[in-house]
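Data file: query-v7.cif. Format and content: mmCIF, C-alpha atoms and all ligand atoms.
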data_query
loop_
_atom_site.label_atom_id
_atom_site.label_comp_id
_atom_site.auth_asym_id
_atom_site.auth_seq_id
_atom_site.Cartn_x
_atom_site.Cartn_y
_atom_site.Cartn_z
CA MET X 1 51.11 46.19 109.18
CA ALA X 2 49.90 49.50 110.68
CA ASP X 3 51.72 49.07 114.02
CA PHE X 4 54.02 46.42 115.48
CA LEU X 5 52.72 45.77 118.98
CA THR X 6 52.58 42.01 119.65
CA ILE X 7 53.76 38.66 118.32
CA ALA X 8 50.69 36.93 119.77
CA GLU X 9 48.45 38.45 117.09
CA LEU X 10 50.87 38.03 114.19
CA PRO X 11 50.09 35.23 111.72
CA ARG X 12 52.78 32.63 111.07
CA GLN X 13 53.33 33.91 107.50
CA GLU X 14 53.99 37.45 108.78
CA ILE X 15 56.52 36.17 111.32
CA LEU X 16 58.28 34.16 108.62
CA ARG X 17 58.33 37.15 106.28
CA LEU X 18 59.97 39.35 108.95
CA LEU X 19 62.48 36.60 109.71
CA GLU X 20 63.43 36.36 106.03
CA ALA X 21 63.87 40.16 105.84
CA THR X 22 65.95 40.03 109.04
CA ARG X 23 68.22 37.34 107.57
CA LYS X 24 68.85 39.48 104.50
CA ASN X 25 69.62 42.52 106.68
CA VAL X 26 72.33 40.80 108.73
CA PRO X 27 75.24 41.78 106.39
CA VAL X 28 74.06 45.42 106.50
CA ALA X 29 73.74 45.25 110.29
CA GLU X 30 77.31 43.92 110.45
CA GLY X 31 78.56 46.83 108.33
CA ARG X 32 79.68 44.42 105.58
CA SER X 33 77.06 45.48 103.01
CA PRO X 34 76.23 49.10 102.13
CA ASN X 35 73.56 50.97 104.06
CA ARG X 36 70.17 51.32 102.43
CA THR X 37 67.83 54.18 101.60
CA ALA X 38 64.35 52.95 102.62
CA LEU X 39 64.02 55.64 105.34
CA ASN X 40 65.53 58.53 103.36
CA GLY X 41 64.07 61.80 104.61
CA ARG X 42 62.16 60.10 107.45
CA VAL X 43 62.51 60.89 111.13
CA ILE X 44 61.83 58.21 113.77
CA ALA X 45 61.19 58.99 117.45
CA ASN X 46 62.55 56.66 120.12
CA LEU X 47 60.42 57.17 123.25
CA PHE X 48 62.11 55.21 126.01
CA PHE X 49 60.27 55.55 129.32
CA GLU X 50 62.28 52.64 130.77
CA ASP X 51 66.05 52.06 130.71
CA SER X 52 67.58 50.25 127.76
CA THR X 53 70.98 49.61 126.18
CA ARG X 54 70.60 47.09 123.35
CA THR X 55 67.05 47.82 122.24
CA ARG X 56 67.42 51.60 122.10
CA CYS X 57 70.84 51.63 120.43
CA SER X 58 69.83 48.96 117.93
CA PHE X 59 66.70 50.88 116.89
CA GLU X 60 68.91 53.94 116.43
CA THR X 61 71.46 51.99 114.43
CA ALA X 62 68.72 50.36 112.35
CA VAL X 63 67.34 53.79 111.39
CA HIS X 64 70.83 54.97 110.39
CA ARG X 65 71.44 51.82 108.34
CA LEU X 66 68.19 52.56 106.44
CA GLY X 67 69.19 56.16 105.73
CA GLY X 68 66.75 57.80 108.17
CA GLN X 69 67.18 60.03 111.19
CA VAL X 70 66.23 59.32 114.78
CA PHE X 71 65.97 61.13 118.09
CA ASN X 72 65.62 59.82 121.63
CA LEU X 73 63.40 60.93 124.48
CA THR X 74 63.93 59.56 127.99
CA PRO X 75 62.26 60.59 131.27
CA SER X 76 65.26 62.46 132.63
CA GLY X 77 65.65 65.72 130.76
CA SER X 78 62.09 65.68 129.35
CA SER X 79 58.67 66.78 130.61
CA ILE X 80 57.90 63.16 131.53
CA SER X 81 59.70 64.00 134.79
CA LYS X 82 57.12 66.80 135.28
CA GLY X 83 54.24 64.30 135.10
CA GLU X 84 53.31 64.44 131.40
CA SER X 85 51.61 61.19 130.36
CA LEU X 86 52.82 58.61 127.87
CA VAL X 87 50.05 59.38 125.38
CA ASP X 88 50.30 63.19 125.70
CA THR X 89 54.05 62.94 125.11
CA ALA X 90 53.54 60.74 122.04
CA ARG X 91 50.86 63.08 120.60
CA ASN X 92 53.19 66.05 120.86
CA ILE X 93 56.05 64.16 119.27
CA GLU X 94 53.79 63.02 116.43
CA CYS X 95 53.05 66.68 115.57
CA MET X 96 56.75 67.13 114.80
CA GLY X 97 56.18 65.07 111.65
CA VAL X 98 57.79 61.81 112.69
CA ALA X 99 57.22 58.76 110.47
CA ALA X 100 56.98 56.32 113.39
CA ILE X 101 57.23 56.16 117.17
CA VAL X 102 59.20 53.43 118.95
CA VAL X 103 58.01 53.11 122.54
CA ARG X 104 59.26 51.34 125.65
CA CYS X 105 57.35 51.72 128.91
CA ALA X 106 56.67 50.05 132.26
CA VAL X 107 52.92 49.76 131.63
CA SER X 108 51.71 46.46 130.15
CA GLY X 109 49.61 47.48 127.16
CA GLY X 110 51.26 50.93 127.06
CA ALA X 111 52.36 50.57 123.44
CA LYS X 112 48.73 49.94 122.40
CA MET X 113 47.62 53.00 124.39
CA VAL X 114 50.11 55.09 122.42
CA ALA X 115 49.04 53.49 119.12
CA ASP X 116 45.38 54.31 119.92
CA GLY X 117 46.36 57.92 120.65
CA VAL X 118 48.37 58.75 117.51
CA LYS X 119 47.96 58.21 113.76
CA CYS X 120 51.56 57.30 112.87
CA PRO X 121 52.83 53.70 113.16
CA VAL X 122 53.95 52.62 116.64
CA ILE X 123 56.53 49.93 117.39
CA ASN X 124 56.50 48.22 120.79
CA ALA X 125 60.06 48.10 122.19
CA GLY X 126 58.89 46.39 125.40
CA ASP X 127 55.78 47.25 127.44
CA GLY X 128 55.90 46.17 131.07
CA ARG X 129 55.41 42.43 131.50
CA HIS X 130 53.47 42.18 128.25
CA GLU X 131 55.46 41.86 125.00
CA HIS X 132 58.77 42.65 123.33
CA PRO X 133 58.01 41.61 119.74
CA THR X 134 61.23 42.75 118.00
CA GLN X 135 63.19 40.77 120.61
CA ALA X 136 61.27 37.64 119.58
CA ILE X 137 62.18 38.19 115.93
CA LEU X 138 65.88 38.56 116.81
CA ASP X 139 65.81 35.54 119.12
CA VAL X 140 64.23 33.28 116.50
CA SER X 141 66.47 34.72 113.78
CA THR X 142 69.55 33.82 115.85
CA LEU X 143 68.20 30.28 116.34
CA MET X 144 67.42 29.92 112.62
CA GLU X 145 70.93 31.00 111.66
CA GLU X 146 72.09 28.04 113.73
CA PHE X 147 69.49 25.40 112.93
CA GLY X 148 67.89 26.53 109.64
CA SER X 149 64.42 26.18 111.15
CA VAL X 150 63.04 26.05 114.69
CA GLU X 151 60.29 23.56 113.82
CA GLY X 152 60.59 20.49 116.06
CA ARG X 153 63.46 22.05 118.05
CA THR X 154 63.33 22.16 121.86
CA ILE X 155 64.15 25.46 123.51
CA ALA X 156 64.35 25.94 127.29
CA ILE X 157 63.66 29.48 128.53
CA VAL X 158 64.85 29.74 132.13
CA GLY X 159 64.26 32.24 134.92
CA ASP X 160 61.61 34.83 135.73
CA ILE X 161 59.07 33.85 133.08
CA THR X 162 55.95 35.45 134.56
CA ASN X 163 57.41 38.97 134.61
CA SER X 164 59.24 38.65 131.29
CA ARG X 165 57.97 40.28 128.11
CA VAL X 166 60.93 38.56 126.37
CA ALA X 167 59.67 35.11 127.41
CA ARG X 168 56.08 35.90 126.43
CA SER X 169 56.96 37.14 122.93
CA ALA X 170 59.56 34.41 122.29
CA THR X 171 57.13 31.69 123.40
CA HIS X 172 54.44 32.95 121.03
CA ALA X 173 56.87 33.11 118.10
CA LEU X 174 58.47 29.72 118.78
CA ALA X 175 55.17 27.89 119.36
CA THR X 176 53.67 29.44 116.21
CA LEU X 177 56.66 28.13 114.25
CA GLY X 178 56.30 24.60 115.64
CA ALA X 179 59.01 24.53 118.33
CA HIS X 180 58.76 22.86 121.75
CA VAL X 181 59.19 25.46 124.48
CA ARG X 182 60.06 24.52 128.06
CA LEU X 183 59.53 27.37 130.51
CA VAL X 184 61.63 26.73 133.59
CA GLY X 185 61.94 28.47 136.95
CA PRO X 186 60.60 28.62 140.49
CA PRO X 187 56.81 27.98 140.44
CA THR X 188 56.33 31.52 141.84
CA LEU X 189 57.88 32.91 138.65
CA VAL X 190 56.47 30.51 136.04
CA SER X 191 52.77 30.96 135.40
CA LYS X 192 51.05 27.81 134.14
CA ALA X 193 48.86 30.06 131.96
CA PHE X 194 51.76 30.16 129.47
CA GLU X 195 50.95 26.54 128.54
CA ARG X 196 47.87 27.82 126.72
CA ILE X 197 50.19 29.40 124.13
CA SER X 198 50.68 25.90 122.63
CA GLN X 199 49.38 25.79 119.05
CA GLY X 200 49.60 23.51 116.01
CA SER X 201 52.67 21.31 116.39
CA GLY X 202 54.25 23.85 118.78
CA THR X 203 54.08 22.95 122.48
CA VAL X 204 54.63 24.93 125.67
CA THR X 205 55.40 23.15 128.96
CA THR X 206 56.19 24.67 132.36
CA MET X 207 58.82 22.97 134.54
CA SER X 208 60.60 23.63 137.82
CA ASN X 209 63.54 21.20 137.65
CA LEU X 210 66.28 22.75 135.51
CA ASP X 211 68.36 19.58 135.18
CA ARG X 212 65.39 17.64 133.83
CA ALA X 213 64.39 20.54 131.60
CA LEU X 214 67.85 20.62 129.99
CA GLU X 215 67.67 16.98 128.86
CA GLY X 216 67.40 16.82 125.08
CA VAL X 217 67.27 20.59 124.44
CA ASP X 218 68.70 22.31 121.36
CA ALA X 219 69.03 25.77 122.90
CA VAL X 220 68.79 27.44 126.30
CA MET X 221 67.68 31.04 126.79
CA MET X 222 68.54 32.44 130.21
CA LEU X 223 66.60 35.38 131.68
CA ARG X 224 67.31 37.94 134.37
CA VAL X 225 65.08 38.12 137.44
CA GLN X 226 62.98 41.28 136.94
CA PHE X 227 63.79 42.89 140.30
CA GLU X 228 62.21 46.19 139.17
CA ARG X 229 58.90 44.33 138.74
CA ALA X 230 58.95 43.14 142.36
CA ALA X 231 60.15 39.65 141.45
CA GLY X 232 63.04 39.79 143.95
CA GLY X 233 60.80 38.65 146.81
CA ALA X 234 60.01 35.45 144.91
CA ILE X 235 63.59 34.18 144.72
CA SER X 236 65.58 32.40 147.39
CA SER X 237 69.28 32.41 148.27
CA ASP X 238 69.81 29.10 146.44
CA TYR X 239 68.56 30.57 143.12
CA ARG X 240 71.88 30.05 141.32
CA GLN X 241 72.12 26.47 142.51
CA MET X 242 68.56 25.72 141.41
CA PHE X 243 68.22 27.79 138.25
CA GLY X 244 71.64 29.15 137.29
CA LEU X 245 73.38 27.99 134.13
CA THR X 246 76.68 26.83 135.57
CA PRO X 247 79.66 25.21 133.76
CA ASP X 248 78.69 21.85 135.37
CA ARG X 249 75.24 21.98 133.81
CA VAL X 250 76.63 23.11 130.44
CA ALA X 251 79.11 20.21 130.44
CA ARG X 252 76.15 17.80 130.35
CA LEU X 253 74.59 19.42 127.24
CA ALA X 254 74.95 17.88 123.77
CA PRO X 255 77.68 19.55 121.68
CA HIS X 256 75.25 21.34 119.36
CA VAL X 257 73.34 23.16 122.13
CA ILE X 258 73.61 26.96 122.04
CA ILE X 259 73.02 29.55 124.75
CA LEU X 260 71.05 32.79 124.44
CA HIS X 261 70.35 35.70 126.79
CA PRO X 262 68.55 38.94 125.86
CA GLY X 263 70.72 40.97 128.25
CA PRO X 264 71.31 42.61 130.62
CA MET X 265 72.99 39.61 132.27
CA ASN X 266 73.34 39.31 136.01
CA ARG X 267 76.52 37.25 136.03
CA GLY X 268 76.80 34.85 138.95
CA ILE X 269 73.00 34.70 139.36
CA GLU X 270 71.28 33.23 136.28
CA ILE X 271 74.47 32.68 134.27
CA ASP X 272 78.11 32.07 135.17
CA ASP X 273 81.05 33.83 133.48
CA GLY X 274 82.39 30.73 131.75
CA VAL X 275 78.97 30.06 130.22
CA ALA X 276 78.22 33.63 129.12
CA ASP X 277 81.63 33.82 127.44
CA ASP X 278 81.73 30.24 126.10
CA PRO X 279 83.19 30.68 122.59
CA GLN X 280 81.54 27.48 121.26
CA ARG X 281 78.05 27.81 122.64
CA SER X 282 77.23 31.40 123.50
CA ARG X 283 75.26 33.34 120.87
CA ILE X 284 74.53 36.20 123.25
CA LEU X 285 76.47 38.81 121.28
CA ARG X 286 75.24 37.39 117.99
CA GLN X 287 71.70 38.17 119.20
CA VAL X 288 72.69 41.84 119.39
CA THR X 289 73.64 41.92 115.69
CA HIS X 290 70.40 40.17 114.79
CA GLY X 291 68.65 42.85 116.87
CA VAL X 292 69.76 45.57 114.44
CA ALA X 293 68.72 43.42 111.47
CA ALA X 294 65.30 42.63 112.99
CA ARG X 295 64.57 46.28 113.80
CA MET X 296 65.55 47.25 110.25
CA ALA X 297 63.06 44.67 108.95
CA VAL X 298 60.22 46.02 111.09
CA LEU X 299 60.96 49.70 110.32
CA GLU X 300 61.22 49.01 106.61
CA ASP X 301 57.94 47.12 106.68
CA LEU X 302 56.05 49.87 108.51
CA VAL X 303 57.51 53.06 107.06
CA GLY X 304 59.98 52.16 104.31
CA VAL X 305 59.59 53.68 100.85
C1 LIG Z 401 65.05 42.86 128.17
C2 LIG Z 401 63.92 43.83 128.42
O1 LIG Z 401 64.13 45.02 128.61
O2 LIG Z 401 62.80 43.34 128.39
N1 LIG Z 401 66.18 43.40 127.62
C3 LIG Z 401 66.24 43.65 126.28
O3 LIG Z 401 65.41 44.32 125.73
N2 LIG Z 401 67.23 43.06 125.58
C4 LIG Z 401 65.28 41.90 129.26
C5 LIG Z 401 65.50 42.39 130.66
O4 LIG Z 401 65.43 43.56 130.97
O5 LIG Z 401 65.76 41.50 131.49
#
Translate the structure described by the file into structure tokens.
Amino acid sequence: MADFLTIAELPRQEILRLLEATRKNVPVAEGRSPNRTALNGRVIANLFFEDSTRTRCSFETAVHRLGGQVFNLTPSGSSISKGESLVDTARNIECMGVAAIVVRCAVSGGAKMVADGVKCPVINAGDGRHEHPTQAILDVSTLMEEFGSVEGRTIAIVGDITNSRVARSATHALATLGAHVRLVGPPTLVSKAFERISQGSGTVTTMSNLDRALEGVDAVMMLRVQFERAAGGAISSDYRQMFGLTPDRVARLAPHVIILHPGPMNRGIEIDDGVADDPQRSRILRQVTHGVAARMAVLEDLVGV
């Protein structure tokens, strides 16, 4: 791979290879196995033009675990606040000899713009409503730790689907691997175009009744409403009642069903406290550990020695 920009264009074998590398990295990500040396002497630039907690810190941690060094650039405190463009910023950073650039931005397709403007490998850490490919690897890796494989499993992804790069990347990965994906939310926030992602034995269905969508699922991934992408106007005051994962709804799920959320959670809107913190079902913090392992896998693949 030259860059890591989308899941949609990644062949099934490549996804499986990254998932296998992620699985092997989990003990290192947990701090139980020794750090590695694949990025010795390499410097990675984290260019985060949008806010982030998990993604940014896990890329940083992944670089450290591989023996490399990393620095962060965010709009406040940099010349981005003076109007310098995404691509100009990336070109200047590249000239400092970095081995790869990790980029997050509000522009859909922004990671590709950066990749077209520089020669070093670029990793998409979330570009607008488009894709968040390392998140998809960590989501599927968390599911595979639970179920062995996602083939034939039914996963409901619930909330603001249309504006979610997490939903788009996860749906591509899951469908490619033969899972059944149910995309659930208010019709204003669930574009039917997602159904075209169906491929092979993997299916993608859009739904607007959460209780029906939860029947027979193996896992539920809850999503935040993307208020910063103007989605707030599309939700009504009964959102929690219609689309929130409440203890009542969870009580009707089969015992093996697990719950995911990429974070940040808006407790009391899409997910209730007792569900987010459910010791039996919640894998929300486990996803964070898999996030470090997945980012290690991608960095090692692109720039490891
Ligand atoms: C998500 C993102 O930024 O796309 N968070 C993350 O990376 N874990 C989801 C969100 O912001 O709702």
Interatomic distance between CA of Leu299 (chain X) and CA of Ser58 (chain X)? 11.7 Å
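Across the structure, CA of Met242 (chain X) and CA of Arg196 (chain X) are spaced 25.5 Å apart.
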Give me the chain X side of the contact with ligand LIG 401 (chain Z), cut-off 7 Å, one line per residue showing its nearest atom pair and distance in Å at one decimal, counting all atoms listed in the file, sorted by chain and residue number, as CSV.
residue,atom,partner,partner_atom,distance
X:Ser52,CA,Z:LIG401,O1,6.3
X:Arg54,CA,Z:LIG401,N2,5.7
X:Thr55,CA,Z:LIG401,O3,5.2
X:Gly126,CA,Z:LIG401,O2,5.8
X:His132,CA,Z:LIG401,O2,6.5
X:Gln135,CA,Z:LIG401,O3,6.6
X:Ser164,CA,Z:LIG401,O2,6.6
X:Arg165,CA,Z:LIG401,O2,5.7
X:Val166,CA,Z:LIG401,O2,5.5
X:Leu223,CA,Z:LIG401,O5,6.2
X:Arg224,CA,Z:LIG401,O5,4.8
X:Val225,CA,Z:LIG401,O5,6.9
X:Gln226,CA,Z:LIG401,O5,6.1
X:Pro262,CA,Z:LIG401,N2,4.3
X:Gly263,CA,Z:LIG401,N2,4.9
X:Pro264,CA,Z:LIG401,O5,5.7
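Closest approach to Ala170 (chain X) among X:Ile15, X:Met1, X:Ala90, X:Ala193 is made by X:Ile15 (distances from all atoms listed in the file).
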Which residues come within 9 Å of Ala125 (chain X), counting all atoms listed in the file, excluding same-chain residues fewer than 6 positions away, as a PyMOL selection string? chain X and resi 5+48+55-56+59+102-105+111+131-135
Emit the selected residues as a compact mmCIF listing (two decimals), in the coordinates of the input, including C-alpha atoms.
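What follows is the written file again_2.txt:
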# COMPACT_ATOMS: atom_id res chain seq x y z
CA LEU X 5 52.72 45.77 118.98
CA PHE X 48 62.11 55.21 126.01
CA THR X 55 67.05 47.82 122.24
CA ARG X 56 67.42 51.60 122.10
CA PHE X 59 66.70 50.88 116.89
CA VAL X 102 59.20 53.43 118.95
CA VAL X 103 58.01 53.11 122.54
CA ARG X 104 59.26 51.34 125.65
CA CYS X 105 57.35 51.72 128.91
CA ALA X 111 52.36 50.57 123.44
CA GLU X 131 55.46 41.86 125.00
CA HIS X 132 58.77 42.65 123.33
CA PRO X 133 58.01 41.61 119.74
CA THR X 134 61.23 42.75 118.00
CA GLN X 135 63.19 40.77 120.61
Within 7 Å of (66.7, 26.0, 138.4) (file coordinates; all atoms listed in the file), which protein or nucleic acid residues are there? I'd like them as an MDAnalysis selection string. chainID X and resid 185:186 208:210 239 241:244
Would you write out those residues with C-alpha atoms, as a PDB file, in the frame of the given file?
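Dumped to part_2.pdb:
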ATOM      1  CA  GLY X 185      61.940  28.470 136.950  1.00  0.00           C
ATOM      2  CA  PRO X 186      60.600  28.620 140.490  1.00  0.00           C
ATOM      3  CA  SER X 208      60.600  23.630 137.820  1.00  0.00           C
ATOM      4  CA  ASN X 209      63.540  21.200 137.650  1.00  0.00           C
ATOM      5  CA  LEU X 210      66.280  22.750 135.510  1.00  0.00           C
ATOM      6  CA  TYR X 239      68.560  30.570 143.120  1.00  0.00           C
ATOM      7  CA  GLN X 241      72.120  26.470 142.510  1.00  0.00           C
ATOM      8  CA  MET X 242      68.560  25.720 141.410  1.00  0.00           C
ATOM      9  CA  PHE X 243      68.220  27.790 138.250  1.00  0.00           C
ATOM     10  CA  GLY X 244      71.640  29.150 137.290  1.00  0.00           C
TER      11      GLY X 244
END
Where's the centre, and what are the edge lengths in Å to one decimal, of a box along x, y and z enclosing all listed atoms of region 4-13 of chain X padded 3 Å per side, as lines of an AutoDock Vina configuration file?
center_x = 51.2
center_y = 39.5
center_z = 113.6
size_x = 11.6
size_y = 19.8
size_z = 18.3
Pairwise distance for CA of Val114 (chain X) and CA of Phe49 (chain X), rounded to one decimal in Å: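 Interatomic distance here is 12.3 Å.
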For Asn124 (chain X), which residue out of X:Val87, X:Ile7, X:Ile284, X:Leu73 is the nearest one, using all atoms listed in the file? X:Ile7
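For the residues X:Leu189, X:Arg153, X:Asp88, X:Thr53, ranking by smallest atom-to-atom distance to Gly233 (chain X) using only C-alpha atoms places X:Leu189 first.
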For region 28-43 of chain X, list every protein, DNA or RNA residue within 7 Å, evaluated using all atoms listed in the file, and leave out those in the same chain fewer than 5 positions away; present the list as a ChimeraX atom specification. /X:65-70,98-99,289,292-293,300,304-305
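Between Ile235 (chain X) and the residues X:Ile197, X:Asp211, X:Asp160, X:Gln287, the shortest atom-to-atom distance, using all atoms listed in the file, involves X:Asp160.
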Residue with smallest distance to Glu195 (chain X) - pool X:Arg168, X:Arg281, X:Lys112, X:His290, counting all atoms listed in the file: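 Ranking X:Arg168, X:Arg281, X:Lys112, X:His290 by distance to Glu195 (chain X), first place goes to X:Arg168.
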Could you check the closest approach to Val220 (chain X) for each of X:Arg182, X:Arg286, X:His64, X:Arg12 and tell me which residue wins, using only C-alpha atoms? X:Arg182
